[in-house]
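The data block below is structure33.txt; it holds compact mmCIF, C-alpha atoms.
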# COMPACT_ATOMS: atom_id res chain seq x y z
CA MET A 1 105.14 136.18 119.84
CA GLN A 2 107.15 139.38 119.24
CA ALA A 3 110.25 138.22 121.10
CA ALA A 4 110.18 134.82 119.45
CA ALA A 5 110.04 136.37 116.01
CA ARG A 6 113.27 138.34 116.22
CA GLY A 7 116.32 137.91 114.05
CA SER A 8 116.31 134.79 111.93
CA SER A 9 112.93 133.78 113.35
CA ALA A 10 111.27 136.84 111.79
CA SER A 11 111.48 135.58 108.20
CA ALA A 12 110.30 132.12 109.25
CA ALA A 13 107.36 133.61 111.11
CA ASN A 14 106.42 135.73 108.10
CA ALA A 15 106.61 132.73 105.76
CA LEU A 16 104.26 130.84 108.05
CA THR A 17 101.94 133.74 108.77
CA GLU A 18 101.32 134.83 105.18
CA PRO A 19 99.40 131.74 103.90
CA LEU A 20 97.38 131.82 107.10
CA ARG A 21 96.62 135.52 106.69
CA VAL A 22 95.43 134.93 103.12
CA MET A 23 92.98 132.28 104.30
CA LEU A 24 91.61 134.30 107.20
CA ALA A 25 91.45 137.72 105.53
CA GLY A 26 88.03 137.18 103.97
CA LEU A 27 86.27 136.20 107.19
CA PRO A 28 83.93 138.79 108.72
CA PRO A 29 84.83 140.16 112.17
CA GLY A 30 83.38 138.11 114.99
CA THR A 31 83.74 134.78 113.15
CA ARG A 32 84.64 131.98 115.53
CA ILE A 33 87.50 129.77 114.43
CA ALA A 34 89.61 127.17 116.20
CA VAL A 35 93.05 125.61 116.01
CA GLY A 36 93.34 121.86 116.40
CA LEU A 37 95.92 122.01 119.19
CA SER A 38 97.67 118.77 120.09
CA GLY A 39 100.52 120.72 121.64
CA GLY A 40 103.12 119.24 119.31
CA PRO A 41 105.47 121.58 117.41
CA ASP A 42 103.22 121.94 114.34
CA SER A 43 99.96 122.89 116.06
CA PHE A 44 101.87 124.88 118.69
CA ALA A 45 103.37 127.06 115.95
CA LEU A 46 100.02 127.36 114.17
CA ALA A 47 98.34 128.62 117.34
CA CYS A 48 101.15 131.13 117.89
CA CYS A 49 100.77 132.46 114.34
CA ALA A 50 96.96 132.44 114.36
CA ALA A 51 96.45 134.28 117.64
CA PRO A 52 97.80 137.72 116.64
CA LEU A 53 96.25 137.42 113.19
CA ALA A 54 92.85 136.62 114.64
CA GLN A 55 93.10 139.50 117.07
CA GLY A 56 94.00 141.92 114.29
CA LEU A 57 91.12 140.71 112.10
CA GLY A 58 88.58 140.71 114.91
CA LEU A 59 88.13 136.94 114.85
CA ALA A 60 87.38 134.85 117.91
CA LEU A 61 90.07 132.16 118.16
CA HIS A 62 89.68 128.99 120.22
CA GLY A 63 91.98 126.04 120.79
CA PHE A 64 90.60 122.49 120.58
CA HIS A 65 92.64 119.77 122.26
CA VAL A 66 91.65 116.10 122.00
CA HIS A 67 92.73 113.95 124.95
CA HIS A 68 93.02 110.40 123.61
CA GLY A 69 94.00 108.89 126.94
CA LEU A 70 96.34 106.44 125.22
CA LEU A 71 99.62 107.57 126.78
CA ALA A 72 100.72 108.55 130.28
CA GLN A 73 101.68 112.03 129.05
CA ALA A 74 98.14 112.85 127.86
CA ASP A 75 97.16 114.82 130.98
CA ALA A 76 100.34 116.89 130.80
CA TRP A 77 99.74 117.65 127.11
CA ALA A 78 96.24 118.91 127.86
CA ALA A 79 97.61 121.15 130.63
CA GLN A 80 100.31 122.48 128.27
CA ALA A 81 97.72 123.29 125.61
CA ARG A 82 95.68 125.24 128.17
CA ALA A 83 98.80 127.07 129.35
CA LEU A 84 99.61 128.12 125.80
CA GLY A 85 96.06 129.38 125.40
CA VAL A 86 96.51 131.62 128.44
CA HIS A 87 99.64 133.18 126.93
CA LEU A 88 97.96 133.68 123.56
CA GLY A 89 94.73 135.03 125.01
CA CYS A 90 92.50 132.33 123.52
CA PRO A 91 90.42 129.76 125.40
CA VAL A 92 91.49 126.13 124.99
CA HIS A 93 88.82 123.45 125.30
CA VAL A 94 89.69 119.81 125.98
CA ALA A 95 87.63 116.82 124.84
CA ARG A 96 88.38 113.35 126.19
CA VAL A 97 87.74 110.42 123.90
CA ASP A 98 87.65 106.68 124.28
CA VAL A 99 89.32 105.13 121.26
CA THR A 100 87.09 102.19 120.41
CA GLY A 101 86.82 100.10 117.29
CA VAL A 102 90.55 99.38 117.29
CA ALA A 103 90.07 95.78 116.24
CA ALA A 104 88.02 96.81 113.21
CA LEU A 105 89.85 99.99 112.18
CA GLY A 106 93.31 99.72 113.66
CA MET A 107 94.70 102.09 116.28
CA GLU A 108 95.62 104.89 113.88
CA ALA A 109 92.25 104.93 112.08
CA ALA A 110 90.27 104.57 115.31
CA ALA A 111 92.14 107.46 116.93
CA ARG A 112 91.64 109.60 113.82
CA GLU A 113 87.88 108.94 113.73
CA ALA A 114 87.57 109.66 117.46
CA ARG A 115 89.57 112.87 117.01
CA TYR A 116 87.36 114.21 114.22
CA ALA A 117 84.23 113.32 116.17
CA ALA A 118 85.58 115.18 119.21
CA LEU A 119 86.50 118.23 117.12
CA ALA A 120 83.00 118.27 115.67
CA ASP A 121 81.46 118.13 119.16
CA LEU A 122 83.69 120.95 120.39
CA ALA A 123 82.86 123.04 117.33
CA SER A 124 79.13 122.55 117.89
CA THR A 125 79.41 123.42 121.57
CA HIS A 126 81.38 126.62 121.00
CA GLY A 127 79.79 127.83 117.76
CA VAL A 128 82.88 127.28 115.61
CA GLY A 129 82.53 126.64 111.88
CA ILE A 130 86.19 126.52 110.81
CA ILE A 131 89.03 124.50 112.31
CA LEU A 132 92.63 125.22 111.35
CA LEU A 133 94.89 122.18 111.11
CA ALA A 134 98.69 122.24 111.05
CA HIS A 135 99.24 119.61 108.36
CA HIS A 136 102.31 120.55 106.34
CA GLN A 137 104.22 119.50 103.24
CA ASP A 138 105.85 116.54 104.97
CA ASP A 139 102.43 115.23 106.07
CA GLN A 140 101.08 115.69 102.56
CA ALA A 141 103.98 113.79 100.99
CA GLU A 142 103.55 110.93 103.47
CA THR A 143 99.83 110.77 102.71
CA VAL A 144 100.44 110.57 98.95
CA LEU A 145 103.01 107.82 99.41
CA LEU A 146 100.79 105.81 101.74
CA ARG A 147 97.86 106.06 99.35
CA LEU A 148 100.04 105.00 96.43
CA LEU A 149 101.07 101.92 98.39
CA ARG A 150 97.40 101.19 99.11
CA GLY A 151 96.48 101.43 95.44
CA THR A 152 94.18 104.44 95.61
CA GLY A 153 92.86 106.20 92.51
CA PRO A 154 93.32 109.81 91.29
CA GLU A 155 90.92 111.23 93.89
CA GLY A 156 92.86 109.60 96.70
CA LEU A 157 96.21 110.76 95.36
CA ALA A 158 95.02 114.35 95.76
CA ALA A 159 95.61 113.58 99.45
CA MET A 160 94.64 116.38 101.84
CA ALA A 161 92.79 119.41 100.53
CA ARG A 162 93.68 122.93 101.58
CA GLN A 163 90.02 123.43 102.42
CA SER A 164 87.68 120.52 103.05
CA GLU A 165 84.36 119.85 104.73
CA ARG A 166 83.37 117.02 107.00
CA GLY A 167 79.95 116.82 108.59
CA GLY A 168 79.20 120.45 107.79
CA LEU A 169 82.40 121.63 109.48
CA ALA A 170 85.21 123.30 107.50
CA TYR A 171 88.82 122.22 107.93
CA TRP A 172 91.51 124.57 106.66
CA ARG A 173 95.15 123.57 106.17
CA PRO A 174 97.19 126.69 105.38
CA TRP A 175 100.61 125.00 105.54
CA LEU A 176 100.38 122.18 103.01
CA ASP A 177 103.13 123.83 100.94
CA VAL A 178 105.34 124.54 103.96
CA PRO A 179 108.04 122.02 104.93
CA ARG A 180 108.16 121.03 108.59
CA SER A 181 111.74 122.23 108.83
CA ARG A 182 110.39 125.80 108.73
CA ILE A 183 107.79 125.16 111.41
CA VAL A 184 109.75 123.48 114.19
CA PRO A 185 112.23 126.34 114.87
CA LEU A 186 109.38 128.79 115.37
CA ALA A 187 107.59 126.37 117.69
CA GLN A 188 110.75 125.93 119.73
CA ALA A 189 111.26 129.69 119.97
CA CYS A 190 107.68 130.25 121.11
CA ALA A 191 107.86 127.39 123.61
CA GLU A 192 111.00 128.94 125.12
CA GLN A 193 109.43 132.38 125.23
CA TYR A 194 106.27 131.23 126.99
CA GLY A 195 107.89 128.55 129.13
CA VAL A 196 105.46 125.94 127.82
CA PRO A 197 106.97 122.59 126.74
CA LEU A 198 106.16 121.13 123.36
CA ALA A 199 104.29 117.83 123.38
CA ASP A 200 106.47 114.97 122.16
CA ASP A 201 104.31 112.02 121.13
CA PRO A 202 106.49 108.89 120.95
CA SER A 203 103.96 107.13 118.73
CA ASN A 204 104.96 109.48 115.89
CA LEU A 205 108.22 107.55 115.64
CA ASP A 206 106.93 104.10 116.62
CA PRO A 207 107.34 101.80 113.57
CA ARG A 208 104.47 99.63 114.76
CA TYR A 209 102.22 102.29 113.23
CA THR A 210 102.09 102.61 109.46
CA ARG A 211 102.77 106.33 109.07
CA ALA A 212 105.53 106.22 111.69
CA ALA A 213 107.13 103.24 109.93
CA LEU A 214 107.23 105.27 106.71
CA ARG A 215 108.71 108.21 108.62
CA VAL A 216 111.36 106.19 110.46
CA GLN A 217 112.28 103.43 108.03
CA LEU A 218 111.50 104.60 104.50
CA ALA A 219 111.92 108.39 104.64
CA PRO A 220 115.65 108.25 105.51
CA VAL A 221 116.29 106.13 102.43
CA LEU A 222 114.36 108.55 100.24
CA ASP A 223 116.16 111.50 101.84
CA GLU A 224 119.50 110.00 100.90
CA ARG A 225 118.58 109.25 97.29
CA TRP A 226 115.87 111.85 96.43
CA ARG A 227 116.24 114.80 98.78
CA GLY A 228 113.33 116.69 97.23
CA TRP A 229 110.83 113.83 97.36
CA ARG A 230 108.48 115.60 99.77
CA SER A 231 107.99 118.67 97.60
CA ILE A 232 107.69 116.44 94.51
CA LEU A 233 104.93 114.35 96.07
CA ALA A 234 103.17 117.45 97.38
CA ARG A 235 103.20 118.84 93.82
CA HIS A 236 101.82 115.49 92.63
CA ALA A 237 98.96 115.91 95.11
CA ARG A 238 98.13 119.34 93.68
CA LEU A 239 98.09 117.96 90.13
CA ALA A 240 95.99 114.98 91.21
CA ALA A 241 93.52 117.36 92.85
CA GLN A 242 93.10 119.20 89.54
CA GLN A 243 92.57 115.92 87.71
CA ALA A 244 90.10 114.76 90.35
CA GLU A 245 88.11 117.97 89.91
CA ILE A 246 87.89 117.38 86.16
CA LEU A 247 86.87 113.76 86.68
CA ALA A 248 84.17 114.85 89.13
CA GLU A 249 82.76 117.27 86.56
CA VAL A 250 82.67 114.51 83.94
CA ALA A 251 81.03 112.09 86.35
CA HIS A 252 78.44 114.68 87.36
CA ALA A 253 77.55 115.36 83.73
CA ASP A 254 77.37 111.63 82.98
CA LEU A 255 75.12 111.00 85.96
CA GLN A 256 72.72 113.77 84.97
CA ALA A 257 72.49 112.20 81.50
CA LEU A 258 71.34 108.88 82.98
CA GLU A 259 67.78 110.12 83.49
CA LEU A 260 68.55 110.68 87.16
CA ALA A 261 65.37 110.70 89.25
CA GLU A 262 64.58 112.52 92.50
CA ASP A 263 65.01 109.26 94.42
CA GLY A 264 68.59 109.00 93.13
CA SER A 265 67.91 106.14 90.73
CA PHE A 266 69.22 106.12 87.18
CA ALA A 267 68.34 104.41 83.91
CA LEU A 268 70.33 101.26 83.23
CA ALA A 269 69.87 101.61 79.46
CA ARG A 270 71.48 105.08 79.44
CA TRP A 271 74.33 103.80 81.63
CA ARG A 272 74.99 101.01 79.16
CA GLU A 273 75.64 103.60 76.43
CA LEU A 274 78.76 104.86 78.22
CA SER A 275 82.24 103.45 77.67
CA THR A 276 83.37 100.80 80.13
CA ALA A 277 85.68 103.22 81.94
CA ARG A 278 82.96 105.86 82.29
CA GLN A 279 80.46 103.27 83.47
CA ALA A 280 82.78 102.43 86.34
CA HIS A 281 83.60 106.05 87.08
CA VAL A 282 80.01 107.31 87.16
CA PHE A 283 78.94 104.30 89.24
CA ARG A 284 81.58 105.11 91.87
CA TYR A 285 80.52 108.78 91.77
CA TRP A 286 76.88 107.77 92.19
CA LEU A 287 77.73 105.66 95.27
CA GLN A 288 79.68 108.57 96.72
CA THR A 289 76.87 111.07 96.21
CA ARG A 290 74.47 108.65 97.91
CA GLY A 291 76.73 108.36 100.97
CA ALA A 292 77.85 104.78 100.40
CA MET A 293 81.39 103.57 101.03
CA MET A 294 83.69 103.01 98.10
CA PRO A 295 83.87 99.32 97.07
CA THR A 296 87.09 97.42 96.57
CA GLU A 297 88.19 96.94 92.98
CA ALA A 298 87.02 93.32 93.03
CA ARG A 299 83.66 94.25 94.54
CA LEU A 300 83.15 97.07 92.06
CA ASN A 301 83.95 94.85 89.10
CA ASP A 302 81.48 92.24 90.34
CA MET A 303 78.64 94.79 90.63
CA LEU A 304 79.43 96.24 87.21
CA ARG A 305 79.48 92.75 85.70
CA GLN A 306 76.07 91.98 87.16
CA LEU A 307 74.63 95.26 85.85
CA ARG A 308 75.96 94.60 82.36
CA GLN A 309 74.65 91.02 82.31
CA LEU A 310 71.32 92.16 83.67
CA HIS A 311 70.74 94.40 80.69
CA ALA A 312 71.84 91.71 78.28
CA LEU A 313 69.42 89.20 79.82
CA GLY A 314 66.39 91.38 79.40
CA HIS A 315 64.55 94.39 80.76
CA ASP A 316 62.40 92.37 83.15
CA ARG A 317 65.29 90.85 85.12
CA LYS A 318 66.00 92.04 88.68
CA MET A 319 69.17 92.53 90.68
CA SER A 320 69.81 92.99 94.39
CA VAL A 321 73.38 93.13 95.71
CA ARG A 322 74.36 93.90 99.31
CA HIS A 323 76.96 96.65 99.67
CA GLY A 324 77.78 97.41 103.29
CA GLU A 325 74.74 99.07 104.85
CA TRP A 326 73.12 99.41 101.42
CA VAL A 327 71.63 97.31 98.65
CA VAL A 328 72.27 98.06 94.98
CA SER A 329 68.99 97.18 93.32
CA CYS A 330 67.77 97.20 89.74
CA VAL A 331 64.09 96.76 88.96
CA ARG A 332 62.44 97.47 85.61
CA GLY A 333 65.55 99.15 84.26
CA ARG A 334 66.11 101.56 87.20
CA VAL A 335 69.19 101.24 89.40
CA ARG A 336 68.67 102.29 93.02
CA LEU A 337 70.62 102.35 96.26
CA LEU A 338 68.41 101.25 99.13
CA PRO A 339 69.13 100.91 102.88
CA HIS A 340 69.73 97.32 103.93
CA GLU A 341 67.00 96.14 106.27
Could the structure of this file be written out as structure tokens, please?
Amino acid sequence: MQAAARGSSASAANALTEPLRVMLAGLPPGTRIAVGLSGGPDSFALACCAAPLAQGLGLALHGFHVHHGLLAQADAWAAQARALGVHLGCPVHVARVDVTGVAALGMEAAAREARYAALADLASTHGVGIILLAHHQDDQAETVLLRLLRGTGPEGLAAMARQSERGGLAYWRPWLDVPRSRIVPLAQACAEQYGVPLADDPSNLDPRYTRAALRVQLAPVLDERWRGWRSILARHARLAAQQAEILAEVAHADLQALELAEDGSFALARWRELSTARQAHVFRYWLQTRGAMMPTEARLNDMLRQLRQLHALGHDRKMSVRHGEWVVSCVRGRVRLLPHE
């Protein structure tokens, strides 16, 4: 990467390397980490920055490439990812996935779920506990905007976290405050140095897909009228994350005050003492801690209404409401979440 980081590229490389160095500095030597390496400019640049850092810190860096098999270029992209790994001195592992469930989830969601499942399998196989992802400020801003349009709450508006966990595997995103305009030039310089082409996924600009439609059709309008909208929305995500943390602390305290039992059930009478807003909030938090999906607003309101009426009708009344793979049940004043049989 030395030749690619000369002249004007040096400052760009340093700006990209520093947040990554801060994240990796506390890891003990020998720790195995991986880069999610699609081969596009963002992950290409991340791998190029991570490789020398990992070497200097004594970390074992791997590249994980997910072959979705959706486009004719997929085989070439996998080969390019492996070629980059050779230049960087890190092994690149490829996982092929079959994107199913499209009818139920949609292509974007199905591909995302398949990708995370493949990354988890690769991590398990190669003893990796941390995966670095190249999401940047532009991605974060798009995520906030999409979630606003979908009507998400404060937790959702926090968008992507710098560090998150999924299935016991850590995902780190060091570049959430970095605009993509700083990343692409470095990726291009490294690609030229190593003679490895950058992957160019046409679906990223295909307006048939929701995120691409935002990128192609809405972003240019925002760029013309509000040139700083990406950094503004990224800042909004940081503020929302702080608010979400506070709300989680409140919900946790409220749940503990509901005579929470070892089986996860809580006392309906104690729940009724909360304000209406906190009833809803702690109920959503309770579902989340029990591993249940979040209900729609209409579904949530219906369950809350039934719980409130149940108490008003008497302590001996029962309730059983199906919620996905679960049943929200109330018997003798205790609210439980039970598997649906």
Where does stretch 101-202 of chain A meet stretch 26-50 of chain A within 7 Å, residue by residue, with the nearest atom pair and distance in Å to one decimal for each, counting all atoms listed in the file, listed by chain and rising number, as JSON lines?
{"residue": "A:Gly127", "atom": "CA", "partner": "A:Arg32", "partner_atom": "CA", "distance": 6.8}
{"residue": "A:Val128", "atom": "CA", "partner": "A:Arg32", "partner_atom": "CA", "distance": 5.0}
{"residue": "A:Gly129", "atom": "CA", "partner": "A:Ile33", "partner_atom": "CA", "distance": 6.4}
{"residue": "A:Ile130", "atom": "CA", "partner": "A:Ile33", "partner_atom": "CA", "distance": 5.0}
{"residue": "A:Ile131", "atom": "CA", "partner": "A:Ala34", "partner_atom": "CA", "distance": 4.8}
{"residue": "A:Leu132", "atom": "CA", "partner": "A:Val35", "partner_atom": "CA", "distance": 4.7}
{"residue": "A:Leu133", "atom": "CA", "partner": "A:Gly36", "partner_atom": "CA", "distance": 5.5}
{"residue": "A:Ala134", "atom": "CA", "partner": "A:Ser43", "partner_atom": "CA", "distance": 5.2}
{"residue": "A:Ile183", "atom": "CA", "partner": "A:Asp42", "partner_atom": "CA", "distance": 6.3}
{"residue": "A:Val184", "atom": "CA", "partner": "A:Pro41", "partner_atom": "CA", "distance": 5.7}
{"residue": "A:Leu186", "atom": "CA", "partner": "A:Ala45", "partner_atom": "CA", "distance": 6.3}
{"residue": "A:Ala187", "atom": "CA", "partner": "A:Ala45", "partner_atom": "CA", "distance": 4.6}
{"residue": "A:Leu198", "atom": "CA", "partner": "A:Gly40", "partner_atom": "CA", "distance": 5.4}
{"residue": "A:Ala199", "atom": "CA", "partner": "A:Gly40", "partner_atom": "CA", "distance": 4.5}
{"residue": "A:Asp200", "atom": "CA", "partner": "A:Gly40", "partner_atom": "CA", "distance": 6.1}
Quick one: write out the picked residues with C-alpha atoms as an mmCIF file, keeping the file's coordinate frame?
data_model
loop_
_atom_site.group_PDB
_atom_site.id
_atom_site.type_symbol
_atom_site.label_atom_id
_atom_site.label_comp_id
_atom_site.auth_asym_id
_atom_site.auth_seq_id
_atom_site.Cartn_x
_atom_site.Cartn_y
_atom_site.Cartn_z
ATOM 1 C CA GLY A 127 79.790 127.830 117.760
ATOM 2 C CA VAL A 128 82.880 127.280 115.610
ATOM 3 C CA GLY A 129 82.530 126.640 111.880
ATOM 4 C CA ILE A 130 86.190 126.520 110.810
ATOM 5 C CA ILE A 131 89.030 124.500 112.310
ATOM 6 C CA LEU A 132 92.630 125.220 111.350
ATOM 7 C CA LEU A 133 94.890 122.180 111.110
ATOM 8 C CA ALA A 134 98.690 122.240 111.050
ATOM 9 C CA ILE A 183 107.790 125.160 111.410
ATOM 10 C CA VAL A 184 109.750 123.480 114.190
ATOM 11 C CA LEU A 186 109.380 128.790 115.370
ATOM 12 C CA ALA A 187 107.590 126.370 117.690
ATOM 13 C CA LEU A 198 106.160 121.130 123.360
ATOM 14 C CA ALA A 199 104.290 117.830 123.380
ATOM 15 C CA ASP A 200 106.470 114.970 122.160
#
Distance query A:Gln243 at most 9 Å, only C-alpha atoms, self and fewer than 6 positions along chain excluded, as an MDAnalysis selection string: chainID A and resid 154:155 158
Residues at most 12 Å from A:Leu233, counting only C-alpha atoms, excluding those fewer than 6 positions away in the same chain, as a compact mmCIF listing (two decimals) with C-alpha atoms, in the frame of the given file?
# COMPACT_ATOMS: atom_id res chain seq x y z
CA GLN A 137 104.22 119.50 103.24
CA ASP A 138 105.85 116.54 104.97
CA ASP A 139 102.43 115.23 106.07
CA GLN A 140 101.08 115.69 102.56
CA ALA A 141 103.98 113.79 100.99
CA GLU A 142 103.55 110.93 103.47
CA THR A 143 99.83 110.77 102.71
CA VAL A 144 100.44 110.57 98.95
CA LEU A 145 103.01 107.82 99.41
CA LEU A 146 100.79 105.81 101.74
CA ARG A 147 97.86 106.06 99.35
CA LEU A 148 100.04 105.00 96.43
CA LEU A 157 96.21 110.76 95.36
CA ALA A 158 95.02 114.35 95.76
CA ALA A 159 95.61 113.58 99.45
CA MET A 160 94.64 116.38 101.84
CA LEU A 176 100.38 122.18 103.01
CA ASP A 177 103.13 123.83 100.94
CA LEU A 222 114.36 108.55 100.24
CA TRP A 226 115.87 111.85 96.43
CA ARG A 227 116.24 114.80 98.78
CA LEU A 239 98.09 117.96 90.13
CA ALA A 240 95.99 114.98 91.21
Report as a PDB file with C-alpha atoms, in the coordinates of the input all protein, DNA and RNA residues lying within 12 Å of A:Val22, evaluated on only C-alpha atoms, omitting residues in the same chain fewer than 5 positions from it.
ATOM      1  CA  ALA A  15     106.610 132.730 105.760  1.00  0.00           C
ATOM      2  CA  LEU A  16     104.260 130.840 108.050  1.00  0.00           C
ATOM      3  CA  THR A  17     101.940 133.740 108.770  1.00  0.00           C
ATOM      4  CA  LEU A  27      86.270 136.200 107.190  1.00  0.00           C
ATOM      5  CA  ALA A  50      96.960 132.440 114.360  1.00  0.00           C
ATOM      6  CA  LEU A  53      96.250 137.420 113.190  1.00  0.00           C
ATOM      7  CA  ALA A  54      92.850 136.620 114.640  1.00  0.00           C
ATOM      8  CA  LEU A  57      91.120 140.710 112.100  1.00  0.00           C
ATOM      9  CA  TRP A 172      91.510 124.570 106.660  1.00  0.00           C
ATOM     10  CA  ARG A 173      95.150 123.570 106.170  1.00  0.00           C
ATOM     11  CA  PRO A 174      97.190 126.690 105.380  1.00  0.00           C
ATOM     12  CA  TRP A 175     100.610 125.000 105.540  1.00  0.00           C
TER      13      TRP A 175
END
At what distance in Å, to one decimal, does atom CA of A:Leu338 lie from atom CA of A:Thr296?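 Atom CA of A:Leu338 lies 19.2 Å from atom CA of A:Thr296.
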Atom CA of A:Leu24 sits from atom CA of A:Ser164 at a separation of 14.9 Å
Stretch 87-99 of chain A surroundings by only C-alpha atoms, 10 Å radius, close-in-sequence under 2 positions cut, as a ChimeraX atom specification: /A:1,34-38,47-52,54-55,60-70,74,78-79,81-85,101-102,107-115,117-119,121-123,126,193-196
